[in-house]
Amino acid sequence: MEQVTDRTLAAARKVIAVHINYPSRAAQRGRTPEQPSYFLKPSSSLALSGSTVERPAGCELLGYEGEIALIIGKAARRVGIEDAWSHVEWVTASNDLGVYDLRYADKGSNLRSKGGDGFTPVGPGLVAADAVDPDGLRIRTWHNGELVQDDTTGDLLFPFARLVADLSQLLTLEEGDIILTGTPAGASVARPGDVVEVEVSAVGAAAVGTEGTTAGGAAPGGLTTGRLVTLVAEGTTPFGDFGAQPRTDDLQREEAYGSRTAAGLPAAEAAGAPAAVGHVQSPEAPAHVLTPELKAKLESVCTATLSSQLRKRGLNNVSIDGLSSTRPEKRIVGLARTLRYVPNREDLFKTHGGGFNAQKKAIDSVNAGEILVMEARGEKGTGTIGDILALRAQVRGAAAIITDGGVRDFSAVAAMDMPTYYANPHPAVLGRRHIPWDTDITIACGGTTVQPGDIIVADADGILVIPPALAAELADDSIAQEREEAFITEMVRQGHSVDGLYPLNAEWRARYENWEAGKANE
């Protein structure tokens, strides 16, 4: 196998990186771009496998991001998508390192935060681009031997050929140029003394063993880059006082580690900060939809009231139906994260069912206050969640799990403080009927459509899916409706007929307004 060498690095006149490209990362960041966007890294940031990178003196947050790197073999200028892949010669592993402590000073360019010497290690092996399916690659990252990123290129927001074609519209991609294609969820922070490893392989290929083999060795029986190894050391030279100084805050810590929980920070509600947001459809959408104030309003009203307000707005198909709750006394509000199962097919289960599969990735990336919603097609003949994974979701702070399939280890799951909504208990394992397929996409659950970032409200009456754009006015109108209904209830209790009272006619509305004004003056 060809190896990345000093000559490979010297040939790279440009290093271009994509901001967001994996759905799992988009959900984690709370934004899904409509078009790819890019930043440049200097070629002096390139390094070989086995190199040591310094966390600059005074910095706290050296972030790592395992990525697939494309190396251009034939100049590309204004090429089409159908021809773009032929301009890529090699595929290799990369680590897009950067210090979050300097993001504030870059205003989006990432030059200081991601351009440091050694901040773009690549290698060790080169896989011929014409020998692989660009939609069939796997990226994995290990931090001190623990697998922390594991994803495939099958559902990228922007496939590799599109990136090459898009970039070539305005600039010439030259032989040797390197494109970093984005990172999946799971990127985090490395400290001095840590070791970060990244490997790219063909989906289904045997890979370098997770328990002991080191970088550089090719995996038996399949195409792989081998593990790209980067050692982290503490820098000792302070920044000069004539430039930007390192500084950070809890927002940067949350983004660097991937979640408030992983960063060791209190939950957003406890800290008085906006709750984390999931997938949003437009970059113009607000960055934080479910604020603590909005969450408190939605928690104060019943789903029955919310349902009637949704119906007034023409939304009748927004309930997840047919499920029971392990904690029906609880009312929950949170942002949806999604997971889709497809019917089991034995050959596909071999490639998608084992290891750190989509189910485990979804569980392991759910953030505090989020609700994991599973599409199981209403299949009741097996379990879709069991006690260990449900416990992991609870430990990560998930507000609830919702599945329109079965639940294993039901007694243990039902005993948890976190509610689980389910179709039925069942003792069989997931693989009897399902393959965990993909995460953070639009799914169907219990007869309705759920998108990542939708607001879920559930209580003893049922489960509603609320479009984020409607949530604020919906909450306010529901609160107003419940105040009216409190008055109506009191009048009925006093013996009045419901004729003209429910709903309020003009006479009763005037009496209600007087009643409301009196309560306001109490």
# chains A, B, ... in the order shown; residues from 1 in each chain; ligands from 1

$ residues_around --residues "Glu516 of chain A" --least-positions-apart "2" --cutoff "12 Å" --atoms "only C-alpha atoms" --output "VMD selection string"
chain A and resid 480 483 to 488 509 to 514 518 to 522

$ residues_around --residues "His434 of chain A" --least-positions-apart "5" --cutoff "6 Å" --atoms "only C-alpha atoms" --output "MDAnalysis selection string"
chainID A and resid 341:344

$ residues_around --residues "segment 167-174 of chain A" --least-positions-apart "6" --cutoff "8 Å" --atoms "only C-alpha atoms" --output "PDB file with N, CA and C atoms, in the first residue's frame"
ATOM      1  N   ARG A  13      -0.827  22.264  -2.063  1.00  0.00           N
ATOM      2  CA  ARG A  13      -0.799  23.731  -2.056  1.00  0.00           C
ATOM      3  C   ARG A  13      -1.987  24.297  -1.286  1.00  0.00           C
ATOM      4  N   ILE A  72      -6.385  15.285  -4.328  1.00  0.00           N
ATOM      5  CA  ILE A  72      -6.648  15.493  -5.752  1.00  0.00           C
ATOM      6  C   ILE A  72      -5.471  14.945  -6.571  1.00  0.00           C
ATOM      7  N   GLY A  73      -5.803  14.194  -7.635  1.00  0.00           N
ATOM      8  CA  GLY A  73      -4.764  13.642  -8.507  1.00  0.00           C
ATOM      9  C   GLY A  73      -4.732  14.278  -9.877  1.00  0.00           C
ATOM     10  N   LYS A  74      -5.831  14.948 -10.252  1.00  0.00           N
ATOM     11  CA  LYS A  74      -5.931  15.580 -11.565  1.00  0.00           C
ATOM     12  C   LYS A  74      -6.647  16.903 -11.392  1.00  0.00           C
ATOM     13  N   ALA A  75      -6.065  17.975 -11.900  1.00  0.00           N
ATOM     14  CA  ALA A  75      -6.625  19.306 -11.706  1.00  0.00           C
ATOM     15  C   ALA A  75      -8.106  19.343 -12.083  1.00  0.00           C
ATOM     16  N   ALA A  76      -8.895  20.026 -11.253  1.00  0.00           N
ATOM     17  CA  ALA A  76     -10.340  20.110 -11.462  1.00  0.00           C
ATOM     18  C   ALA A  76     -10.757  21.576 -11.519  1.00  0.00           C
ATOM     19  N   ARG A  77     -11.359  21.983 -12.622  1.00  0.00           N
ATOM     20  CA  ARG A  77     -11.872  23.334 -12.782  1.00  0.00           C
ATOM     21  C   ARG A  77     -13.211  23.261 -13.491  1.00  0.00           C
ATOM     22  N   ARG A  78     -14.252  23.677 -12.792  1.00  0.00           N
ATOM     23  CA  ARG A  78     -15.618  23.680 -13.319  1.00  0.00           C
ATOM     24  C   ARG A  78     -16.028  22.300 -13.825  1.00  0.00           C
ATOM     25  N   VAL A  79     -15.801  21.292 -13.002  1.00  0.00           N
ATOM     26  CA  VAL A  79     -16.212  19.932 -13.366  1.00  0.00           C
ATOM     27  C   VAL A  79     -17.625  19.682 -12.847  1.00  0.00           C
TER      28      VAL A  79
END

$ closest_residue --among "A:Ile81, A:Val88, A:Leu294, A:Leu163" --to "Glu473 of chain A" --atoms "only C-alpha atoms"
A:Leu294

$ select_by_dssp --residues "segment 33-220 of chain A" --states "strand (DSSP E)" --output "PyMOL selection string"
chain A and resi 38-41+46-47+51-55+62-64+66-72+88-95+98-99+120-128+137-143+146-152+178-180+188-190+195-202

$ atom_distance --atom1 "atom CA of Ile179 of chain A" --atom2 "atom CA of Leu339 of chain A"
29.4 Å
